[in-house]
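Asks: Sharing my_file-v8.txt (compact mmCIF, C-alpha atoms and all ligand atoms) below.
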# COMPACT_ATOMS: atom_id res chain seq x y z
CA MET H 1 0.00 0.00 0.00
CA ILE H 2 1.28 3.48 -0.91
CA PHE H 3 0.07 6.64 0.83
CA LYS H 4 -0.36 10.02 -0.86
CA VAL H 5 -2.08 13.32 -0.14
CA ILE H 6 -3.99 15.24 -2.79
CA THR H 7 -5.71 18.62 -2.72
CA LYS H 8 -9.43 18.73 -3.57
CA ASP H 9 -8.72 20.65 -6.80
CA GLU H 10 -6.29 17.96 -7.95
CA PHE H 11 -8.71 15.22 -6.89
CA LYS H 12 -11.38 16.84 -9.06
CA LYS H 13 -8.92 16.71 -12.00
CA PHE H 14 -8.20 13.09 -11.18
CA VAL H 15 -11.92 12.13 -11.26
CA ASP H 16 -12.50 14.14 -14.44
CA GLY H 17 -9.62 12.24 -16.11
CA LEU H 18 -10.99 8.92 -14.87
CA ALA H 19 -14.46 9.73 -16.24
CA GLU H 20 -13.00 10.75 -19.58
CA GLU H 21 -11.32 7.37 -20.08
CA ASN H 22 -13.77 5.01 -18.39
CA GLU H 23 -17.46 4.44 -18.02
CA THR H 24 -17.74 6.04 -14.59
CA PHE H 25 -20.41 5.92 -11.89
CA GLY H 26 -20.81 8.05 -8.80
CA PRO H 27 -23.41 8.91 -6.15
CA LYS H 28 -26.21 11.20 -7.30
CA LEU H 29 -29.28 12.66 -5.67
CA VAL H 30 -32.15 10.85 -7.39
CA ASP H 31 -35.19 11.63 -5.24
CA THR H 32 -36.42 12.94 -1.90
CA ARG H 33 -38.59 11.09 0.62
CA ALA H 34 -41.83 12.57 2.01
CA ASP H 35 -39.93 13.57 5.16
CA GLY H 36 -37.43 15.52 3.05
CA THR H 37 -34.47 13.13 3.36
CA ALA H 38 -32.42 12.65 0.23
CA ILE H 39 -32.29 9.42 -1.77
CA TYR H 40 -28.97 8.77 -3.49
CA ASP H 41 -28.00 6.15 -5.99
CA PHE H 42 -24.89 5.32 -8.04
CA ARG H 43 -25.50 6.51 -11.59
CA ARG H 44 -23.44 7.18 -14.71
CA ALA H 45 -21.40 10.37 -14.26
CA SER H 46 -19.54 12.30 -16.92
CA CYS H 47 -17.28 14.30 -14.57
CA PHE H 48 -16.61 15.20 -10.93
CA ASP H 49 -19.33 17.91 -10.88
CA ASP H 50 -21.85 15.29 -11.95
CA MET H 51 -21.45 13.44 -8.62
CA ASP H 52 -22.70 14.21 -5.09
CA LEU H 53 -19.65 12.95 -3.22
CA ASP H 54 -20.89 14.31 0.12
CA TYR H 55 -23.88 11.93 -0.07
CA THR H 56 -25.18 10.18 3.03
CA ILE H 57 -25.82 6.62 1.81
CA SER H 58 -27.10 5.03 -1.38
CA HIS H 59 -30.50 3.39 -0.95
CA THR H 60 -29.37 0.28 -2.83
CA SER H 61 -25.82 -1.00 -2.67
CA ILE H 62 -23.27 -1.18 -5.49
CA LYS H 63 -23.77 -4.97 -5.51
CA ARG H 64 -25.88 -4.62 -8.64
CA PHE H 65 -22.80 -3.61 -10.66
CA PHE H 66 -21.32 -7.02 -9.91
CA LEU H 67 -24.43 -9.15 -9.40
CA PRO H 68 -27.10 -7.58 -11.63
CA PHE H 69 -30.72 -8.21 -10.78
CA ARG H 70 -31.00 -10.28 -13.97
CA GLU H 71 -28.12 -11.58 -16.11
CA THR H 72 -27.93 -13.92 -19.07
CA LEU H 73 -25.56 -16.80 -18.36
CA SER H 74 -25.85 -18.54 -21.70
CA GLU H 75 -27.84 -18.55 -24.92
CA PHE H 76 -28.63 -21.53 -27.12
CA ASN H 77 -29.36 -21.78 -30.83
CA PHE H 78 -30.90 -24.97 -32.21
CA SER H 79 -30.72 -25.80 -35.86
CA GLY H 80 -31.69 -29.25 -37.15
CA ASP H 81 -29.93 -31.88 -35.02
CA ASP H 82 -27.23 -29.41 -34.04
CA TRP H 83 -27.11 -26.76 -31.32
CA GLU H 84 -24.72 -24.02 -30.30
CA GLN H 85 -24.17 -22.41 -26.90
CA THR H 86 -22.89 -18.81 -26.42
CA ILE H 87 -21.45 -17.71 -23.10
CA GLU H 88 -20.43 -14.06 -22.74
CA TYR H 89 -18.85 -12.57 -19.65
CA ARG H 90 -16.49 -9.90 -20.94
CA ASN H 91 -16.82 -6.51 -19.34
CA ASN H 92 -15.49 -3.10 -20.40
CA PRO H 93 -13.31 -1.21 -17.90
CA ARG H 94 -15.34 1.07 -15.66
CA ALA H 95 -14.89 3.07 -12.48
CA ILE H 96 -17.06 3.63 -9.41
CA VAL H 97 -16.22 6.67 -7.28
CA GLY H 98 -17.25 7.42 -3.68
CA VAL H 99 -17.88 3.90 -2.35
CA ARG H 100 -18.17 3.56 1.45
CA ALA H 101 -15.84 1.34 3.47
CA CYS H 102 -18.62 -1.06 4.53
CA ASP H 103 -19.73 -1.49 0.89
CA ILE H 104 -16.16 -2.38 -0.16
CA ASN H 105 -16.03 -4.85 2.73
CA ALA H 106 -19.30 -6.30 1.42
CA LEU H 107 -17.61 -6.84 -1.96
CA ASN H 108 -14.68 -8.50 -0.18
CA ILE H 109 -17.18 -10.93 1.37
CA LEU H 110 -18.77 -11.63 -2.03
CA ASP H 111 -15.25 -12.09 -3.47
CA ARG H 112 -14.59 -14.92 -1.02
CA ILE H 113 -17.76 -16.68 -2.12
CA LEU H 114 -17.92 -15.87 -5.84
CA MET H 115 -14.20 -15.66 -6.67
CA GLY H 116 -12.51 -17.86 -4.07
CA GLY H 117 -15.28 -20.34 -3.32
CA GLU H 118 -15.82 -23.85 -4.60
CA PHE H 119 -17.82 -22.60 -7.60
CA PRO H 120 -16.29 -19.29 -8.76
CA SER H 121 -18.47 -17.17 -11.05
CA PRO H 122 -16.64 -16.00 -14.21
CA TYR H 123 -19.37 -13.36 -14.67
CA TYR H 124 -18.69 -11.84 -11.25
CA ILE H 125 -14.91 -12.15 -11.64
CA ALA H 126 -14.95 -10.30 -15.00
CA ARG H 127 -16.96 -7.41 -13.52
CA ARG H 128 -14.88 -7.20 -10.35
CA ARG H 129 -11.53 -7.28 -12.19
CA ASN H 130 -12.61 -4.60 -14.68
CA THR H 131 -13.95 -2.15 -12.12
CA PHE H 132 -11.72 0.57 -10.70
CA LEU H 133 -13.00 1.34 -7.19
CA VAL H 134 -12.46 4.66 -5.43
CA GLY H 135 -13.57 4.48 -1.79
CA MET H 136 -14.36 7.36 0.49
CA ASP H 137 -14.83 7.74 4.27
CA HIS H 138 -17.96 9.37 5.64
CA ASP H 139 -19.58 10.38 8.90
CA PRO H 140 -21.89 7.55 9.95
CA LEU H 141 -25.67 7.89 9.86
CA GLU H 142 -27.66 7.53 13.09
CA ASP H 143 -28.51 3.90 12.32
CA CYS H 144 -25.27 2.57 10.74
CA PHE H 145 -23.79 -0.14 12.96
CA CYS H 146 -20.85 -1.23 10.80
CA GLU H 147 -18.41 -0.22 13.56
CA SER H 148 -19.88 -2.91 15.86
CA LEU H 149 -18.99 -5.49 13.19
CA GLY H 150 -15.54 -4.01 12.50
CA GLN H 151 -16.60 -3.08 8.95
CA HIS H 152 -16.22 0.72 9.19
CA LEU H 153 -12.58 0.47 8.09
CA VAL H 154 -11.38 -1.20 4.91
CA HIS H 155 -7.88 -2.38 4.07
CA ARG H 156 -8.27 -4.12 0.72
CA GLY H 157 -10.62 -4.64 -2.20
CA PHE H 158 -10.30 -1.09 -3.63
CA ASP H 159 -7.90 0.74 -5.93
CA LEU H 160 -7.89 4.03 -4.07
CA PHE H 161 -9.39 5.07 -0.75
CA CYS H 162 -9.83 8.71 0.32
CA THR H 163 -10.07 10.08 3.83
CA GLU H 164 -10.68 13.79 4.22
CA ILE H 165 -8.13 15.63 6.36
CA ASP H 166 -8.04 19.38 6.66
CA GLY H 167 -9.66 20.10 3.27
CA LYS H 168 -7.46 17.53 1.43
CA TYR H 169 -7.69 13.82 0.85
CA TYR H 170 -5.31 11.31 2.42
CA LEU H 171 -5.10 8.53 -0.18
CA LYS H 172 -4.46 4.83 0.29
CA VAL H 173 -3.21 3.63 -3.11
CA ASN H 174 -3.82 -0.07 -3.49
CA SER H 175 -3.18 -0.91 -7.14
CA ALA H 176 -0.67 -0.23 -9.92
CA LYS H 177 -3.58 1.11 -11.98
CA ALA H 178 -4.38 3.71 -9.31
CA LEU H 179 -0.73 4.75 -9.09
CA ALA H 180 -0.57 5.12 -12.88
CA PHE H 181 -3.74 7.27 -12.96
CA LEU H 182 -2.37 9.45 -10.15
CA ARG H 183 0.73 10.29 -12.23
CA ASN H 184 -1.50 12.70 -14.21
CA VAL H 185 -2.15 14.88 -11.15
CA GLU H 186 -0.15 16.43 -8.33
CA THR H 187 0.15 14.51 -5.09
CA HIS H 188 2.72 14.39 -2.31
CA SER H 189 3.83 11.86 0.28
CA PRO H 190 2.10 12.51 3.60
CA THR H 191 3.94 14.63 6.14
CA HIS H 192 4.18 13.55 9.76
CA GLU H 193 1.43 16.07 10.59
CA GLU H 194 -0.85 14.63 7.87
CA ASP H 195 -0.27 11.09 9.19
CA HIS H 196 -1.30 12.36 12.61
CA MET H 197 -4.42 14.02 11.15
CA LEU H 198 -5.41 10.71 9.53
CA ILE H 199 -5.13 8.89 12.86
CA GLU H 200 -7.22 11.57 14.60
CA ARG H 201 -9.85 11.43 11.83
CA LYS H 202 -10.11 7.64 12.18
CA LYS H 203 -10.50 7.95 15.96
CA ALA H 204 -13.20 10.62 15.54
CA LEU H 205 -15.05 8.44 13.00
CA LYS H 206 -15.02 5.44 15.35
CA ALA H 207 -16.30 7.57 18.22
CA SER H 208 -19.14 9.05 16.15
CA PHE H 209 -21.09 5.78 15.72
CA LYS H 210 -24.29 6.03 17.76
CA ALA H 211 -25.90 2.72 16.79
CA LYS H 212 -24.20 -0.21 18.50
CA VAL H 213 -24.87 -3.93 18.52
CA ASP H 214 -23.09 -6.36 20.81
CA VAL H 215 -22.11 -9.19 18.47
CA SER H 216 -19.39 -10.71 20.67
CA ALA H 217 -21.52 -13.66 21.86
CA LEU H 218 -23.75 -13.79 18.79
CA PRO H 219 -22.67 -17.07 17.12
CA SER H 220 -23.17 -19.02 20.36
CA VAL H 221 -26.43 -17.21 21.16
CA LEU H 222 -27.70 -18.06 17.68
CA ASP H 223 -26.67 -21.70 18.11
CA ILE H 224 -28.64 -21.88 21.35
CA GLY H 225 -31.61 -19.80 20.13
CA PHE H 226 -32.43 -21.78 16.99
CA LYS H 227 -35.82 -22.92 18.28
CA HIS H 228 -36.70 -19.80 20.24
CA ASP H 229 -40.22 -18.32 20.02
CA LEU H 230 -38.90 -14.90 19.08
CA TRP H 231 -38.41 -16.11 15.49
CA LYS H 232 -42.17 -16.58 15.30
CA LYS H 233 -42.75 -13.10 16.75
CA TRP H 234 -40.56 -11.45 14.07
CA GLY H 235 -41.56 -13.93 11.35
CA ASP H 236 -45.26 -13.15 11.84
CA LYS H 237 -44.54 -9.50 11.02
CA CYS H 238 -42.64 -10.29 7.80
CA LEU H 239 -44.44 -9.65 4.50
CA ASN H 240 -42.08 -11.95 2.55
CA CYS H 241 -41.49 -9.09 0.13
CA GLY H 242 -37.74 -9.69 -0.26
CA SER H 243 -36.86 -5.96 -0.19
CA CYS H 244 -34.24 -6.56 2.52
CA ALA H 245 -32.28 -8.93 0.28
CA MET H 246 -32.54 -6.68 -2.78
CA VAL H 247 -30.90 -3.72 -1.00
CA CYS H 248 -28.42 -5.79 1.01
CA PRO H 249 -24.82 -5.55 -0.25
CA THR H 250 -24.05 -9.17 0.65
CA CYS H 251 -27.25 -11.17 -0.06
CA TYR H 252 -26.46 -13.36 -3.04
CA CYS H 253 -29.30 -15.93 -3.20
CA TYR H 254 -30.51 -16.39 -6.75
CA ALA H 255 -32.97 -18.25 -8.95
CA MET H 256 -32.40 -19.68 -12.44
CA GLU H 257 -34.82 -19.07 -15.28
CA GLU H 258 -34.78 -20.84 -18.63
CA THR H 259 -36.74 -19.41 -21.55
CA ILE H 260 -37.34 -21.22 -24.85
CA ASP H 261 -38.85 -19.39 -27.81
CA VAL H 262 -42.13 -20.71 -29.19
CA GLY H 263 -40.45 -21.88 -32.40
CA LEU H 264 -37.95 -23.97 -30.35
CA LYS H 265 -35.04 -22.33 -32.20
CA THR H 266 -33.40 -20.38 -29.36
CA SER H 267 -33.31 -20.40 -25.57
CA LYS H 268 -31.52 -18.62 -22.78
CA LYS H 269 -30.56 -19.30 -19.20
CA GLU H 270 -30.76 -16.36 -16.79
CA ARG H 271 -29.69 -15.85 -13.22
CA VAL H 272 -32.09 -13.67 -11.22
CA GLN H 273 -31.50 -12.24 -7.76
CA TYR H 274 -33.79 -13.84 -5.24
CA SER H 275 -34.44 -13.75 -1.53
CA CYS H 276 -34.73 -16.55 1.01
CA ASN H 277 -37.65 -14.55 2.45
CA LEU H 278 -39.79 -14.97 -0.68
CA VAL H 279 -42.66 -17.46 -0.32
CA ASP H 280 -41.49 -19.91 -2.98
CA PHE H 281 -37.74 -19.79 -2.24
CA ALA H 282 -37.57 -23.38 -1.00
CA GLU H 283 -40.31 -24.74 -3.26
CA VAL H 284 -39.38 -27.66 -5.49
CA ALA H 285 -41.00 -29.44 -8.44
CA GLY H 286 -44.32 -30.93 -7.37
CA GLY H 287 -45.08 -27.92 -5.16
CA HIS H 288 -43.45 -29.09 -1.93
CA ASN H 289 -41.93 -26.22 0.07
CA PHE H 290 -39.08 -27.24 2.36
CA ARG H 291 -39.33 -23.99 4.33
CA PRO H 292 -43.01 -22.99 4.32
CA LEU H 293 -43.13 -21.00 7.60
CA LYS H 294 -42.49 -17.25 7.61
CA GLU H 295 -40.51 -17.51 10.84
CA ASP H 296 -38.15 -20.10 9.29
CA LYS H 297 -37.54 -17.96 6.21
CA LEU H 298 -36.67 -14.92 8.32
CA LYS H 299 -34.61 -17.00 10.73
CA TYR H 300 -32.47 -18.53 7.98
CA ARG H 301 -31.68 -15.09 6.56
CA TYR H 302 -30.48 -14.03 10.01
CA TYR H 303 -28.48 -17.22 10.47
CA HIS H 304 -26.81 -16.72 7.12
CA HIS H 305 -25.93 -13.14 7.99
CA TYR H 306 -24.84 -13.49 11.60
CA ARG H 307 -23.95 -17.14 12.13
CA GLY H 308 -22.50 -17.84 8.69
CA PHE H 309 -23.01 -20.80 6.38
CA ALA H 310 -20.36 -23.29 5.23
CA GLN H 311 -20.18 -21.50 1.86
CA ASN H 312 -18.79 -18.39 3.56
CA ARG H 313 -16.64 -20.39 5.99
CA GLU H 314 -19.21 -19.88 8.76
CA ASP H 315 -18.31 -16.20 9.03
CA PRO H 316 -21.03 -13.54 9.40
CA ILE H 317 -21.72 -11.70 6.16
CA CYS H 318 -23.50 -8.60 7.48
CA VAL H 319 -21.52 -5.35 7.25
CA GLY H 320 -23.93 -3.27 9.36
CA CYS H 321 -25.18 -0.77 6.75
CA ASN H 322 -28.81 -1.13 7.95
CA ARG H 323 -30.17 -0.83 4.40
CA CYS H 324 -32.44 -3.80 5.14
CA GLY H 325 -33.80 -2.07 8.25
CA ARG H 326 -34.55 1.10 6.29
CA ALA H 327 -36.18 -0.78 3.41
CA CYS H 328 -38.43 -2.99 5.56
CA LEU H 329 -42.03 -1.77 5.52
CA VAL H 330 -42.89 -3.42 8.83
CA GLY H 331 -39.88 -2.22 10.81
CA ILE H 332 -37.83 -5.43 11.02
CA ASN H 333 -34.23 -4.38 11.51
CA PRO H 334 -31.15 -6.34 12.54
CA ARG H 335 -30.37 -4.28 15.63
CA GLU H 336 -33.76 -4.91 17.20
CA VAL H 337 -33.84 -8.59 16.25
CA ILE H 338 -30.32 -9.17 17.61
CA ASN H 339 -30.99 -7.19 20.79
CA ASP H 340 -34.18 -9.19 21.30
CA LEU H 341 -32.23 -12.41 20.88
CA LEU H 342 -29.54 -11.27 23.32
CA MET H 343 -32.17 -10.24 25.89
CA GLU H 344 -33.97 -13.57 25.57
CA SER H 345 -30.70 -15.48 25.95
CA LYS H 346 -30.15 -13.74 29.31
CA SER H 347 -33.65 -14.41 30.65
S1 LIG Z 1 -27.38 -4.43 7.74
FE1 LIG Z 1 -28.90 -5.53 6.51
S2 LIG Z 1 -28.56 -4.81 4.41
FE2 LIG Z 1 -26.72 -4.24 5.57
S3 LIG Z 1 -25.31 -5.96 5.26
FE3 LIG Z 1 -26.43 -6.36 7.17
S4 LIG Z 1 -28.16 -7.66 6.54
FE4 LIG Z 1 -27.36 -6.69 4.66
S1 LIG Z 2 -38.06 -6.32 3.96
FE1 LIG Z 2 -39.04 -6.81 5.94
S2 LIG Z 2 -41.08 -7.59 5.36
FE2 LIG Z 2 -39.83 -7.65 3.48
S3 LIG Z 2 -38.96 -9.76 3.49
FE3 LIG Z 2 -37.44 -8.42 4.49
S4 LIG Z 2 -37.92 -8.63 6.70
FE4 LIG Z 2 -39.72 -9.38 5.57
What do you get writing this file as structure tokens?
Replies:
Amino acid sequence: MIFKVITKDEFKKFVDGLAEENETFGPKLVDTRADGTAIYDFRRASCFDDMDLDYTISHTSIKRFFLPFRETLSEFNFSGDDWEQTIEYRNNPRAIVGVRACDINALNILDRILMGGEFPSPYYIARRRNTFLVGMDHDPLEDCFCESLGQHLVHRGFDLFCTEIDGKYYLKVNSAKALAFLRNVETHSPTHEEDHMLIERKKALKASFKAKVDVSALPSVLDIGFKHDLWKKWGDKCLNCGSCAMVCPTCYCYAMEETIDVGLKTSKKERVQYSCNLVDFAEVAGGHNFRPLKEDKLKYRYYHHYRGFAQNREDPICVGCNRCGRACLVGINPREVINDLLMESKS
């Protein structure tokens, strides 16, 4: 890792240069809620001024750039007795600017599963390898609890990471590509005082988290609480809408869809994002549902996120962004569910 400091004017030049050469995305104000709070999303940006880099949080995560809601895995052409399969997973270079630490950590979790797991996805790998990521620190929102999970800091999985110090950015340079891009602008090696400012900024960030969750005993509490009644209490509230999984940066459950044209000449196989909370998630041919109860669907999502499944080496996969809590129409949020579980385990 190389460390540099850049002024905001030079950083603007850097982003403008990046956007000139790559398809670039950044946070943008896209709407406003009834209560006046802003809704941001990552959208195509043509230059620095086209981005709202002081955004609060994006409503959906950047997961969709790597795991699109719907993607074609293969296409088939049938002609006579012969058939041909086309598989396409090339991806043009692109850049995403202004990504939060917890969202980069979420990608690092997906990397372990979709790049380093037993069944790596060439589609995901192509997108991840061809995406230049510029991360950026931010002051936490009232309900972010990523600090409790140790996900408020990020050390890998990005090309460049910016922390604001005294009107400049302290840069962590994590790839040869980032170093090459930075040659086009003016930077300097951090002074002792700037190093000190970075440390103070990190301390201030850590101290500013208001939402806390005690996860220290969580895996054991979850092991013990598997049959607890509280899953029914929370499960009964759930609408099985799947919104929590759609906005979550680490949910990666999916369904497969195969479509054949009426003339039986072509077909395609698509991968579609799904949620273990949807009613038919565990339904198999013949109509049998292995997980018909709402409480079981909700419970398994929580066990995947906080207890871990074998596929993610039994590590938790939640990064504490609370997007699911904000998106849920009936107020189910991880902090309350976990606190409830912890309280019940003590009683
Ligand atoms: S807080 Fe919710 S949306 Fe965010 S990573 Fe955890 S489970 Fe996913
Ligand atoms: S968003 Fe809320 S209601 Fe919808 S599936 Fe998730 S927990 Fe259930």
Asks: Pull the closest atom pair for each residue of chain H that gets at most 8 Å from ligand LIG 2 (chain Z), along with the distance in Å to one decimal, counting all atoms listed in the file, ordering rows by chain and then ascending residue number, as a tab-separated table.
Replies:
residue	atom	partner	partner_atom	distance
H:Gly235	CA	Z:LIG2	FE4	7.6
H:Lys237	CA	Z:LIG2	S2	6.9
H:Cys238	CA	Z:LIG2	FE4	3.8
H:Leu239	CA	Z:LIG2	S2	4.0
H:Asn240	CA	Z:LIG2	S3	3.9
H:Cys241	CA	Z:LIG2	FE2	4.0
H:Gly242	CA	Z:LIG2	S3	3.9
H:Ser243	CA	Z:LIG2	S1	4.3
H:Cys244	CA	Z:LIG2	S1	4.1
H:Ala245	CA	Z:LIG2	FE3	6.7
H:Ser275	CA	Z:LIG2	S3	7.8
H:Asn277	CA	Z:LIG2	S3	5.1
H:Leu278	CA	Z:LIG2	S3	6.7
H:Leu298	CA	Z:LIG2	S4	6.6
H:Cys324	CA	Z:LIG2	S1	6.3
H:Gly325	CA	Z:LIG2	S1	7.4
H:Ala327	CA	Z:LIG2	S1	5.9
H:Cys328	CA	Z:LIG2	S1	3.7
H:Leu329	CA	Z:LIG2	FE1	5.9
H:Val330	CA	Z:LIG2	S2	5.7
H:Gly331	CA	Z:LIG2	FE1	6.7
H:Ile332	CA	Z:LIG2	S4	5.4
H:Asn333	CA	Z:LIG2	S4	7.4
Asks: My list of candidates is H:Leu205, H:Leu149, H:Ile39, H:Leu293. Which is closest to ligand LIG 1 (chain Z) when distances are computed with all atoms listed in the file?
Replies: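 Using all atoms listed in the file, the shortest distance to ligand LIG 1 (chain Z) belongs to H:Leu149.
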Asks: Residues of chain H within 9 Å of ligand LIG 1 (chain Z): nearest atom pair and distance (Å, one decimal) for each, counting only C-alpha atoms and all ligand atoms, sorted by chain and number, as CSV?
Replies:
residue,atom,partner,partner_atom,distance
H:Thr60,CA,Z:LIG1,S2,8.9
H:Ser61,CA,Z:LIG1,S2,8.5
H:Cys102,CA,Z:LIG1,S3,8.3
H:Asp103,CA,Z:LIG1,S3,8.4
H:Ala106,CA,Z:LIG1,S3,7.1
H:Cys144,CA,Z:LIG1,S1,7.9
H:Phe145,CA,Z:LIG1,S1,7.7
H:Cys146,CA,Z:LIG1,S1,7.9
H:Cys244,CA,Z:LIG1,S2,6.2
H:Ala245,CA,Z:LIG1,S2,6.9
H:Met246,CA,Z:LIG1,S2,8.4
H:Val247,CA,Z:LIG1,S2,6.0
H:Cys248,CA,Z:LIG1,S2,3.5
H:Pro249,CA,Z:LIG1,S3,5.5
H:Thr250,CA,Z:LIG1,S3,5.8
H:Cys251,CA,Z:LIG1,FE4,6.5
H:Arg301,CA,Z:LIG1,S4,8.2
H:Tyr302,CA,Z:LIG1,S4,7.6
H:His305,CA,Z:LIG1,S4,6.1
H:Tyr306,CA,Z:LIG1,S4,8.4
H:Ile317,CA,Z:LIG1,S3,6.8
H:Cys318,CA,Z:LIG1,FE3,3.7
H:Val319,CA,Z:LIG1,S3,4.3
H:Gly320,CA,Z:LIG1,S1,4.0
H:Cys321,CA,Z:LIG1,FE2,4.0
H:Asn322,CA,Z:LIG1,S1,3.6
H:Arg323,CA,Z:LIG1,S2,4.3
H:Cys324,CA,Z:LIG1,S2,4.1
H:Gly325,CA,Z:LIG1,FE1,6.2
H:Arg326,CA,Z:LIG1,S2,8.6
H:Ala327,CA,Z:LIG1,S2,8.7
H:Asn333,CA,Z:LIG1,FE1,7.4
H:Pro334,CA,Z:LIG1,S1,6.4
H:Arg335,CA,Z:LIG1,S1,8.4
Asks: List the spatial neighbours of Ser74 (chain H) as a VMD selection string - criterion: any atom at most 10 Å away, all atoms listed in the file, same-chain residues fewer than 6 positions off excluded.
Replies: chain H and resid 85 to 89 258 267 to 271
Asks: Go through H:Glu75, H:Asp223, H:Asp9, H:Asp54 one by one, measure the shortest atom-to-atom distance of each to Leu29 (chain H) using only C-alpha atoms, and give the residue with the smallest value.
Replies: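 That would be H:Asp54, the residue with the smallest distance to Leu29 (chain H).
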Asks: Leaving out Leu18 (chain H) and any residue of its chain fewer than 5 positions from it, which residues lie within 12 Å of it when counting only C-alpha atoms, given as a ChimeraX atom specification?
Replies: /H:11-13,23-26,45-48,93-97,131-134,177-178,180-182,184-185
